[in-house]
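What follows is the content of model_0.tsv, which has TSV, N, CA and C atoms:
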```
chain	number	residue	atom	x	y	z
A	1	MET	N	-30.60	-33.68	24.83
A	1	MET	CA	-31.04	-32.32	25.06
A	1	MET	C	-30.11	-31.35	24.33
A	2	LYS	N	-30.70	-30.46	23.54
A	2	LYS	CA	-29.94	-29.47	22.79
A	2	LYS	C	-29.55	-28.29	23.68
A	3	PRO	N	-28.34	-27.72	23.45
A	3	PRO	CA	-27.96	-26.54	24.25
A	3	PRO	C	-28.84	-25.34	23.89
A	4	GLU	N	-29.07	-24.51	24.87
A	4	GLU	CA	-29.83	-23.27	24.66
A	4	GLU	C	-29.05	-22.35	23.74
A	5	PRO	N	-29.74	-21.47	22.99
A	5	PRO	CA	-29.04	-20.53	22.10
A	5	PRO	C	-28.00	-19.67	22.85
A	6	ASP	N	-28.31	-19.25	24.08
A	6	ASP	CA	-27.36	-18.45	24.85
A	6	ASP	C	-26.12	-19.26	25.19
A	7	GLN	N	-26.29	-20.54	25.49
A	7	GLN	CA	-25.15	-21.40	25.78
A	7	GLN	C	-24.28	-21.60	24.55
A	8	LYS	N	-24.91	-21.76	23.39
A	8	LYS	CA	-24.18	-21.92	22.14
A	8	LYS	C	-23.37	-20.67	21.83
A	9	ARG	N	-23.99	-19.51	22.06
A	9	ARG	CA	-23.31	-18.24	21.80
A	9	ARG	C	-22.13	-18.06	22.74
A	10	LEU	N	-22.33	-18.39	24.00
A	10	LEU	CA	-21.26	-18.28	24.99
A	10	LEU	C	-20.10	-19.21	24.64
A	11	LYS	N	-20.42	-20.41	24.22
A	11	LYS	CA	-19.38	-21.37	23.83
A	11	LYS	C	-18.61	-20.86	22.62
A	12	ALA	N	-19.30	-20.29	21.65
A	12	ALA	CA	-18.64	-19.73	20.47
A	12	ALA	C	-17.74	-18.55	20.84
A	13	LEU	N	-18.21	-17.70	21.77
A	13	LEU	CA	-17.38	-16.57	22.21
A	13	LEU	C	-16.12	-17.06	22.90
A	14	ARG	N	-16.26	-18.08	23.74
A	14	ARG	CA	-15.09	-18.64	24.42
A	14	ARG	C	-14.10	-19.24	23.43
A	15	ARG	N	-14.63	-19.96	22.46
A	15	ARG	CA	-13.77	-20.57	21.44
A	15	ARG	C	-13.03	-19.49	20.65
A	16	GLY	N	-13.74	-18.41	20.31
A	16	GLY	CA	-13.13	-17.30	19.58
A	16	GLY	C	-12.06	-16.60	20.39
A	17	SER	N	-12.32	-16.37	21.67
A	17	SER	CA	-11.33	-15.72	22.54
A	17	SER	C	-10.07	-16.57	22.68
A	18	LEU	N	-10.26	-17.85	22.88
A	18	LEU	CA	-9.11	-18.75	22.99
A	18	LEU	C	-8.30	-18.75	21.68
A	19	ALA	N	-8.98	-18.75	20.55
A	19	ALA	CA	-8.30	-18.71	19.26
A	19	ALA	C	-7.49	-17.43	19.11
A	20	GLU	N	-8.05	-16.30	19.55
A	20	GLU	CA	-7.33	-15.03	19.46
A	20	GLU	C	-6.08	-15.03	20.34
A	21	TYR	N	-6.18	-15.60	21.53
A	21	TYR	CA	-4.99	-15.69	22.40
A	21	TYR	C	-3.93	-16.59	21.79
A	22	ARG	N	-4.34	-17.71	21.22
A	22	ARG	CA	-3.38	-18.61	20.57
A	22	ARG	C	-2.71	-17.91	19.38
A	23	ALA	N	-3.50	-17.16	18.62
A	23	ALA	CA	-2.96	-16.43	17.47
A	23	ALA	C	-1.96	-15.36	17.93
A	24	ALA	N	-2.30	-14.64	19.00
A	24	ALA	CA	-1.41	-13.60	19.52
A	24	ALA	C	-0.10	-14.22	19.99
A	25	LEU	N	-0.18	-15.35	20.67
A	25	LEU	CA	1.03	-16.04	21.12
A	25	LEU	C	1.91	-16.42	19.94
A	26	SER	N	1.29	-16.93	18.89
A	26	SER	CA	2.08	-17.33	17.71
A	26	SER	C	2.77	-16.12	17.08
A	27	LEU	N	2.11	-14.97	17.08
A	27	LEU	CA	2.73	-13.75	16.54
A	27	LEU	C	3.90	-13.28	17.41
A	28	VAL	N	3.71	-13.31	18.72
A	28	VAL	CA	4.78	-12.91	19.64
A	28	VAL	C	6.01	-13.80	19.45
A	29	LEU	N	5.79	-15.09	19.28
A	29	LEU	CA	6.90	-16.01	19.07
A	29	LEU	C	7.60	-15.77	17.73
A	30	LYS	N	6.91	-15.11	16.79
A	30	LYS	CA	7.52	-14.76	15.50
A	30	LYS	C	8.20	-13.40	15.54
A	31	GLY	N	8.16	-12.74	16.70
A	31	GLY	CA	8.85	-11.46	16.82
A	31	GLY	C	7.97	-10.23	16.71
A	32	TYR	N	6.67	-10.41	16.63
A	32	TYR	CA	5.74	-9.28	16.58
A	32	TYR	C	5.45	-8.78	17.99
A	33	ARG	N	5.10	-7.52	18.08
A	33	ARG	CA	4.64	-6.93	19.34
A	33	ARG	C	3.15	-6.64	19.17
A	34	ILE	N	2.35	-7.11	20.09
A	34	ILE	CA	0.89	-6.88	20.03
A	34	ILE	C	0.64	-5.46	20.53
A	35	VAL	N	0.08	-4.61	19.66
A	35	VAL	CA	-0.18	-3.23	20.06
A	35	VAL	C	-1.66	-2.98	20.35
A	36	ALA	N	-2.53	-3.84	19.85
A	36	ALA	CA	-3.95	-3.72	20.16
A	36	ALA	C	-4.59	-5.10	20.02
A	37	PHE	N	-5.54	-5.34	20.90
A	37	PHE	CA	-6.24	-6.63	20.93
A	37	PHE	C	-7.72	-6.32	20.92
A	38	ARG	N	-8.44	-6.88	19.97
A	38	ARG	CA	-9.88	-6.60	19.82
A	38	ARG	C	-10.15	-5.10	19.72
A	39	TYR	N	-9.47	-4.46	18.79
A	39	TYR	CA	-9.61	-3.02	18.57
A	39	TYR	C	-10.96	-2.74	17.90
A	40	ARG	N	-11.83	-2.05	18.61
A	40	ARG	CA	-13.20	-1.80	18.12
A	40	ARG	C	-13.42	-0.33	17.84
A	41	THR	N	-14.06	-0.05	16.71
A	41	THR	CA	-14.52	1.29	16.37
A	41	THR	C	-15.94	1.18	15.85
A	42	LYS	N	-16.56	2.31	15.58
A	42	LYS	CA	-17.90	2.28	14.98
A	42	LYS	C	-17.84	1.73	13.56
A	43	LEU	N	-16.66	1.83	12.94
A	43	LEU	CA	-16.51	1.39	11.55
A	43	LEU	C	-16.24	-0.11	11.42
A	44	GLY	N	-15.67	-0.70	12.46
A	44	GLY	CA	-15.33	-2.11	12.38
A	44	GLY	C	-14.45	-2.52	13.53
A	45	GLU	N	-14.00	-3.77	13.47
A	45	GLU	CA	-13.18	-4.34	14.54
A	45	GLU	C	-11.99	-5.08	13.93
A	46	ILE	N	-10.86	-4.99	14.63
A	46	ILE	CA	-9.67	-5.74	14.24
A	46	ILE	C	-9.33	-6.65	15.41
A	47	ASP	N	-9.19	-7.94	15.14
A	47	ASP	CA	-8.91	-8.88	16.22
A	47	ASP	C	-7.57	-8.59	16.88
A	48	ILE	N	-6.52	-8.45	16.08
A	48	ILE	CA	-5.18	-8.19	16.61
A	48	ILE	C	-4.47	-7.19	15.71
A	49	ILE	N	-3.85	-6.20	16.32
A	49	ILE	CA	-2.95	-5.32	15.59
A	49	ILE	C	-1.56	-5.61	16.15
A	50	ALA	N	-0.67	-6.08	15.28
A	50	ALA	CA	0.68	-6.45	15.70
A	50	ALA	C	1.68	-5.64	14.89
A	51	ARG	N	2.83	-5.43	15.52
A	51	ARG	CA	3.84	-4.61	14.86
A	51	ARG	C	5.20	-5.28	14.93
A	52	LYS	N	5.92	-5.16	13.84
A	52	LYS	CA	7.30	-5.66	13.74
A	52	LYS	C	8.07	-4.59	12.99
A	53	GLY	N	8.81	-3.77	13.74
A	53	GLY	CA	9.48	-2.63	13.11
A	53	GLY	C	8.43	-1.64	12.63
A	54	ASN	N	8.52	-1.25	11.36
A	54	ASN	CA	7.56	-0.31	10.79
A	54	ASN	C	6.40	-1.01	10.08
A	55	LEU	N	6.34	-2.31	10.20
A	55	LEU	CA	5.25	-3.08	9.59
A	55	LEU	C	4.14	-3.28	10.62
A	56	VAL	N	2.93	-2.93	10.23
A	56	VAL	CA	1.76	-3.15	11.08
A	56	VAL	C	0.90	-4.22	10.41
A	57	ALA	N	0.62	-5.28	11.15
A	57	ALA	CA	-0.24	-6.35	10.64
A	57	ALA	C	-1.59	-6.27	11.35
A	58	CYS	N	-2.64	-6.06	10.57
A	58	CYS	CA	-4.01	-6.11	11.08
A	58	CYS	C	-4.48	-7.54	10.81
A	59	VAL	N	-4.73	-8.26	11.89
A	59	VAL	CA	-4.94	-9.70	11.78
A	59	VAL	C	-6.39	-10.06	12.12
A	60	GLU	N	-7.00	-10.79	11.22
A	60	GLU	CA	-8.31	-11.38	11.46
A	60	GLU	C	-8.09	-12.83	11.86
A	61	VAL	N	-8.61	-13.23	13.00
A	61	VAL	CA	-8.44	-14.59	13.51
A	61	VAL	C	-9.73	-15.36	13.26
A	62	LYS	N	-9.58	-16.54	12.69
A	62	LYS	CA	-10.74	-17.39	12.45
A	62	LYS	C	-10.49	-18.78	13.00
A	63	ALA	N	-11.36	-19.23	13.87
A	63	ALA	CA	-11.31	-20.59	14.41
A	63	ALA	C	-12.30	-21.43	13.62
A	64	ARG	N	-11.77	-22.30	12.80
A	64	ARG	CA	-12.60	-23.15	11.96
A	64	ARG	C	-12.00	-24.55	11.91
A	65	ARG	N	-12.71	-25.46	11.27
A	65	ARG	CA	-12.25	-26.84	11.18
A	65	ARG	C	-11.09	-27.01	10.21
A	66	SER	N	-10.98	-26.11	9.21
A	66	SER	CA	-9.90	-26.23	8.23
A	66	SER	C	-9.39	-24.84	7.84
A	67	LEU	N	-8.21	-24.84	7.25
A	67	LEU	CA	-7.62	-23.60	6.75
A	67	LEU	C	-8.52	-22.95	5.71
A	68	GLU	N	-9.05	-23.74	4.81
A	68	GLU	CA	-9.91	-23.21	3.75
A	68	GLU	C	-11.16	-22.56	4.34
A	69	ASP	N	-11.76	-23.20	5.33
A	69	ASP	CA	-12.95	-22.63	5.98
A	69	ASP	C	-12.62	-21.28	6.61
A	70	SER	N	-11.44	-21.17	7.19
A	70	SER	CA	-11.03	-19.91	7.82
A	70	SER	C	-10.91	-18.79	6.79
A	71	VAL	N	-10.26	-19.09	5.69
A	71	VAL	CA	-10.04	-18.08	4.65
A	71	VAL	C	-11.38	-17.63	4.06
A	72	PHE	N	-12.24	-18.57	3.76
A	72	PHE	CA	-13.53	-18.22	3.14
A	72	PHE	C	-14.48	-17.54	4.12
A	73	ALA	N	-14.20	-17.62	5.41
A	73	ALA	CA	-15.04	-16.98	6.42
A	73	ALA	C	-14.82	-15.47	6.50
A	74	VAL	N	-13.75	-14.97	5.89
A	74	VAL	CA	-13.47	-13.53	5.90
A	74	VAL	C	-14.08	-12.93	4.62
A	75	SER	N	-15.30	-12.44	4.75
A	75	SER	CA	-16.05	-11.93	3.60
A	75	SER	C	-15.51	-10.58	3.12
A	76	ASP	N	-15.96	-10.16	1.95
A	76	ASP	CA	-15.58	-8.84	1.44
A	76	ASP	C	-16.06	-7.75	2.38
A	77	PHE	N	-17.24	-7.92	2.93
A	77	PHE	CA	-17.78	-6.95	3.88
A	77	PHE	C	-16.89	-6.85	5.11
A	78	ALA	N	-16.45	-7.99	5.64
A	78	ALA	CA	-15.56	-8.00	6.81
A	78	ALA	C	-14.23	-7.33	6.46
A	79	GLN	N	-13.72	-7.59	5.29
A	79	GLN	CA	-12.47	-6.97	4.86
A	79	GLN	C	-12.59	-5.45	4.81
A	80	ARG	N	-13.70	-4.95	4.28
A	80	ARG	CA	-13.92	-3.49	4.23
A	80	ARG	C	-13.98	-2.90	5.63
A	81	ARG	N	-14.66	-3.57	6.56
A	81	ARG	CA	-14.76	-3.08	7.94
A	81	ARG	C	-13.40	-3.07	8.63
A	82	ILE	N	-12.60	-4.09	8.39
A	82	ILE	CA	-11.26	-4.16	8.97
A	82	ILE	C	-10.40	-3.04	8.41
A	83	ARG	N	-10.47	-2.81	7.11
A	83	ARG	CA	-9.68	-1.72	6.49
A	83	ARG	C	-10.12	-0.36	7.04
A	84	ALA	N	-11.41	-0.17	7.21
A	84	ALA	CA	-11.91	1.11	7.74
A	84	ALA	C	-11.42	1.31	9.18
A	85	ALA	N	-11.47	0.28	9.98
A	85	ALA	CA	-10.98	0.38	11.37
A	85	ALA	C	-9.48	0.63	11.39
A	86	SER	N	-8.75	0.00	10.48
A	86	SER	CA	-7.30	0.20	10.45
A	86	SER	C	-6.94	1.61	10.02
A	87	ASP	N	-7.72	2.18	9.10
A	87	ASP	CA	-7.48	3.58	8.70
A	87	ASP	C	-7.63	4.50	9.89
A	88	LEU	N	-8.66	4.25	10.69
A	88	LEU	CA	-8.88	5.06	11.89
A	88	LEU	C	-7.74	4.87	12.89
A	89	TRP	N	-7.32	3.63	13.11
A	89	TRP	CA	-6.22	3.36	14.03
A	89	TRP	C	-4.95	4.07	13.56
A	90	LEU	N	-4.68	3.99	12.25
A	90	LEU	CA	-3.47	4.57	11.68
A	90	LEU	C	-3.42	6.08	11.86
A	91	THR	N	-4.57	6.75	11.72
A	91	THR	CA	-4.59	8.21	11.88
A	91	THR	C	-4.23	8.63	13.30
A	92	ARG	N	-4.38	7.72	14.25
A	92	ARG	CA	-4.09	8.04	15.66
A	92	ARG	C	-2.65	7.73	16.06
A	93	GLN	N	-1.83	7.30	15.11
A	93	GLN	CA	-0.43	6.97	15.41
A	93	GLN	C	0.47	8.14	15.03
A	94	ARG	N	1.37	8.48	15.95
A	94	ARG	CA	2.28	9.60	15.69
A	94	ARG	C	3.21	9.33	14.52
A	95	ASP	N	3.63	8.08	14.35
A	95	ASP	CA	4.57	7.74	13.29
A	95	ASP	C	3.89	7.11	12.08
A	96	SER	N	2.65	7.49	11.83
A	96	SER	CA	1.85	6.84	10.77
A	96	SER	C	2.50	6.96	9.39
A	97	ALA	N	3.21	8.05	9.12
A	97	ALA	CA	3.83	8.22	7.81
A	97	ALA	C	4.92	7.17	7.55
A	98	ALA	N	5.53	6.67	8.59
A	98	ALA	CA	6.61	5.70	8.44
A	98	ALA	C	6.12	4.25	8.42
A	99	LEU	N	4.84	4.04	8.68
A	99	LEU	CA	4.32	2.68	8.82
A	99	LEU	C	3.78	2.13	7.51
A	100	SER	N	3.98	0.85	7.32
A	100	SER	CA	3.31	0.16	6.22
A	100	SER	C	2.34	-0.83	6.86
A	101	ILE	N	1.20	-0.99	6.22
A	101	ILE	CA	0.13	-1.80	6.82
A	101	ILE	C	-0.15	-3.02	5.95
A	102	ARG	N	-0.47	-4.11	6.62
A	102	ARG	CA	-0.74	-5.35	5.92
A	102	ARG	C	-1.93	-6.02	6.60
A	103	TYR	N	-2.70	-6.77	5.83
A	103	TYR	CA	-3.89	-7.45	6.34
A	103	TYR	C	-3.68	-8.96	6.28
A	104	ASP	N	-3.67	-9.59	7.45
A	104	ASP	CA	-3.37	-11.01	7.56
A	104	ASP	C	-4.58	-11.77	8.10
A	105	ILE	N	-4.55	-13.07	7.90
A	105	ILE	CA	-5.51	-13.98	8.53
A	105	ILE	C	-4.70	-15.02	9.30
A	106	ILE	N	-5.15	-15.33	10.49
A	106	ILE	CA	-4.59	-16.47	11.21
A	106	ILE	C	-5.72	-17.47	11.40
A	107	SER	N	-5.47	-18.66	10.89
A	107	SER	CA	-6.43	-19.75	10.98
A	107	SER	C	-6.07	-20.62	12.19
A	108	VAL	N	-7.03	-20.78	13.07
A	108	VAL	CA	-6.84	-21.63	14.25
A	108	VAL	C	-7.75	-22.84	14.09
A	109	THR	N	-7.12	-23.98	13.92
A	109	THR	CA	-7.86	-25.23	13.74
A	109	THR	C	-7.60	-26.15	14.93
A	110	PRO	N	-8.51	-27.08	15.18
A	110	PRO	CA	-8.33	-27.96	16.34
A	110	PRO	C	-7.03	-28.76	16.28
A	111	TRP	N	-6.34	-28.80	17.39
A	111	TRP	CA	-5.15	-29.62	17.59
A	111	TRP	C	-4.00	-29.29	16.64
A	112	ARG	N	-3.97	-28.07	16.12
A	112	ARG	CA	-2.90	-27.63	15.22
A	112	ARG	C	-2.38	-26.28	15.70
A	113	TRP	N	-1.12	-26.01	15.34
A	113	TRP	CA	-0.56	-24.69	15.59
A	113	TRP	C	-1.25	-23.71	14.65
A	114	PRO	N	-1.53	-22.46	15.09
A	114	PRO	CA	-2.18	-21.48	14.21
A	114	PRO	C	-1.38	-21.25	12.93
A	115	VAL	N	-2.09	-21.13	11.81
A	115	VAL	CA	-1.47	-20.88	10.52
A	115	VAL	C	-1.62	-19.40	10.18
A	116	HIS	N	-0.47	-18.73	9.97
A	116	HIS	CA	-0.45	-17.30	9.69
A	116	HIS	C	-0.37	-17.10	8.18
A	117	LEU	N	-1.34	-16.39	7.63
A	117	LEU	CA	-1.36	-16.09	6.20
A	117	LEU	C	-1.11	-14.59	6.02
A	118	PRO	N	0.15	-14.19	5.84
A	118	PRO	CA	0.45	-12.76	5.66
A	118	PRO	C	-0.13	-12.24	4.36
A	119	ASP	N	-0.53	-10.97	4.38
A	119	ASP	CA	-1.03	-10.28	3.18
A	119	ASP	C	-2.18	-11.06	2.53
A	120	ALA	N	-3.11	-11.51	3.35
A	120	ALA	CA	-4.20	-12.38	2.87
A	120	ALA	C	-5.26	-11.61	2.08
A	121	PHE	N	-5.40	-10.30	2.35
A	121	PHE	CA	-6.37	-9.52	1.57
A	121	PHE	C	-5.96	-8.08	1.50
```
Written form, C-alpha cells:
Amino acid sequence: MKPEPDQKRLKALRRGSLAEYRAALSLVLKGYRIVAFRYRTKLGEIDIIARKGNLVACVEVKARRSLEDSVFAVSDFAQRRIRAASDLWLTRQRDSAALSIRYDIISVTPWRWPVHLPDAF
C-alpha cells in the first residue's frame, strides 16, 4: 500500500525540520549564534540566520542522500529568494552597516554529521 500524498508531505516536512535542527546544532557547536530560524518574508525564506561576530550567515539547509544532491537542489531561483529575504532582514538590523553577509549551504545526509559549505553562492 502506497502512502497518501498528505502522509508523504508530512514525512518530508518532518525530515526537513529535523535536518534544520541538526544544522543549527552544528553551527552552534562551531561558535555561531542562531538569530533567526525559518525566517519568512513575502520575498522568500531563510532556513537559518546565524551570526559569529559581525559575520551573518544565511544558511539554506538541504536534506538529501548526498552532498552533491544537496548543492544542486539550491536553484538560482531559490538563491534569489534567499538574497531578497536577507536584504529585508538586514535593513531591520540596527548594526547593519557593520555586518558582512554570507550565503551558506548545510547538507544533511543520512547517518552523517551535517556538512557546512560556507560562501556556497
Pick out each residue of region 30-88 of chain A that DSSP on the backbone tags as helix (DSSP H, G or I); I need them as a ChimeraX atom specification.
/A:67-72,76-88
List the neighbours of region 6-21 of chain A out to 6.5 Å using all atoms listed in the file; skip same-chain residues closer than 3 positions along the sequence, and give me the result as number ranges by chain.
A: 3, 24-26, 61, 63, 108
Print the selection's residues with N, CA and C atoms to a file, as a JSON list (two decimals), in the frame of the given file.
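So result.json came out as:
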```json
[["chain", "number", "residue", "atom", "x", "y", "z"],
["A", 3, "PRO", "N", -28.34, -27.72, 23.45],
["A", 3, "PRO", "CA", -27.96, -26.54, 24.25],
["A", 3, "PRO", "C", -28.84, -25.34, 23.89],
["A", 24, "ALA", "N", -2.30, -14.64, 19.00],
["A", 24, "ALA", "CA", -1.41, -13.60, 19.52],
["A", 24, "ALA", "C", -0.10, -14.22, 19.99],
["A", 25, "LEU", "N", -0.18, -15.35, 20.67],
["A", 25, "LEU", "CA", 1.03, -16.04, 21.12],
["A", 25, "LEU", "C", 1.91, -16.42, 19.94],
["A", 26, "SER", "N", 1.29, -16.93, 18.89],
["A", 26, "SER", "CA", 2.08, -17.33, 17.71],
["A", 26, "SER", "C", 2.77, -16.12, 17.08],
["A", 61, "VAL", "N", -8.61, -13.23, 13.00],
["A", 61, "VAL", "CA", -8.44, -14.59, 13.51],
["A", 61, "VAL", "C", -9.73, -15.36, 13.26],
["A", 63, "ALA", "N", -11.36, -19.23, 13.87],
["A", 63, "ALA", "CA", -11.31, -20.59, 14.41],
["A", 63, "ALA", "C", -12.30, -21.43, 13.62],
["A", 108, "VAL", "N", -7.03, -20.78, 13.07],
["A", 108, "VAL", "CA", -6.84, -21.63, 14.25],
["A", 108, "VAL", "C", -7.75, -22.84, 14.09]]
```
Contacts of Ile101 (chain A) at 8 Å (all atoms listed in the file; same-chain gap of 6+ positions) as a list of chain:residue names
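Here the answer would be A:Asn54, A:Leu55, A:Val56, A:Ala57, A:Cys58, A:Asp119.
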Between A:Ala23, A:Ala84, A:Ala73, A:Val35, single out the one closest to Val115 (chain A), counting only N, CA and C atoms.
A:Ala23
Kindly give the distance, in Å, that separates atom C of Ile106 (chain A) and atom N of Val71 (chain A), rounded to a single decimal.
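Result for atom C of Ile106 (chain A) versus atom N of Val71 (chain A): 7.5 Å, one decimal.
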Among region 26-112 of chain A, which residues does DSSP mark as strand (DSSP E) when it is run on the backbone? Keep the chain and numbering as in the structure and answer as number ranges by chain.
A: 33-40, 45-52, 55-63, 100-108
May I ask for the distance between atom N of Tyr32 (chain A) and atom C of Arg80 (chain A), given in Å to one decimal place?
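Atom C of Arg80 (chain A) lies 24.6 Å from atom N of Tyr32 (chain A).
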Two-atom distance - atom C of Arg92 (chain A), atom C of Lys30 (chain A) (Å):
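Atom C of Lys30 (chain A) lies 23.8 Å from atom C of Arg92 (chain A).
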A:Leu27, A:Ala98, A:Ala120, A:Ala85: which is nearest Lys42 (chain A), counting all atoms listed in the file?
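Closest candidate: A:Ala85.
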Using all atoms listed in the file, which residue out of A:Phe121, A:Ala97, A:Thr109, A:Ala50 lies closest to Leu67 (chain A)?
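With all atoms listed in the file as the atom set, the closest residue is A:Thr109.
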Residue with smallest distance to Arg102 (chain A) - pool A:Val59, A:Thr41, A:Ile34, A:Ser66, counting all atoms listed in the file:
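When distances to Arg102 (chain A) are compared using all atoms listed in the file, the smallest one comes from A:Val59.
Among the candidate residues A:Val28, A:Ile82, A:Pro114, A:Asp69, the one lying nearest to Leu43 (chain A) is A:Ile82, with distances computed using all atoms listed in the file.
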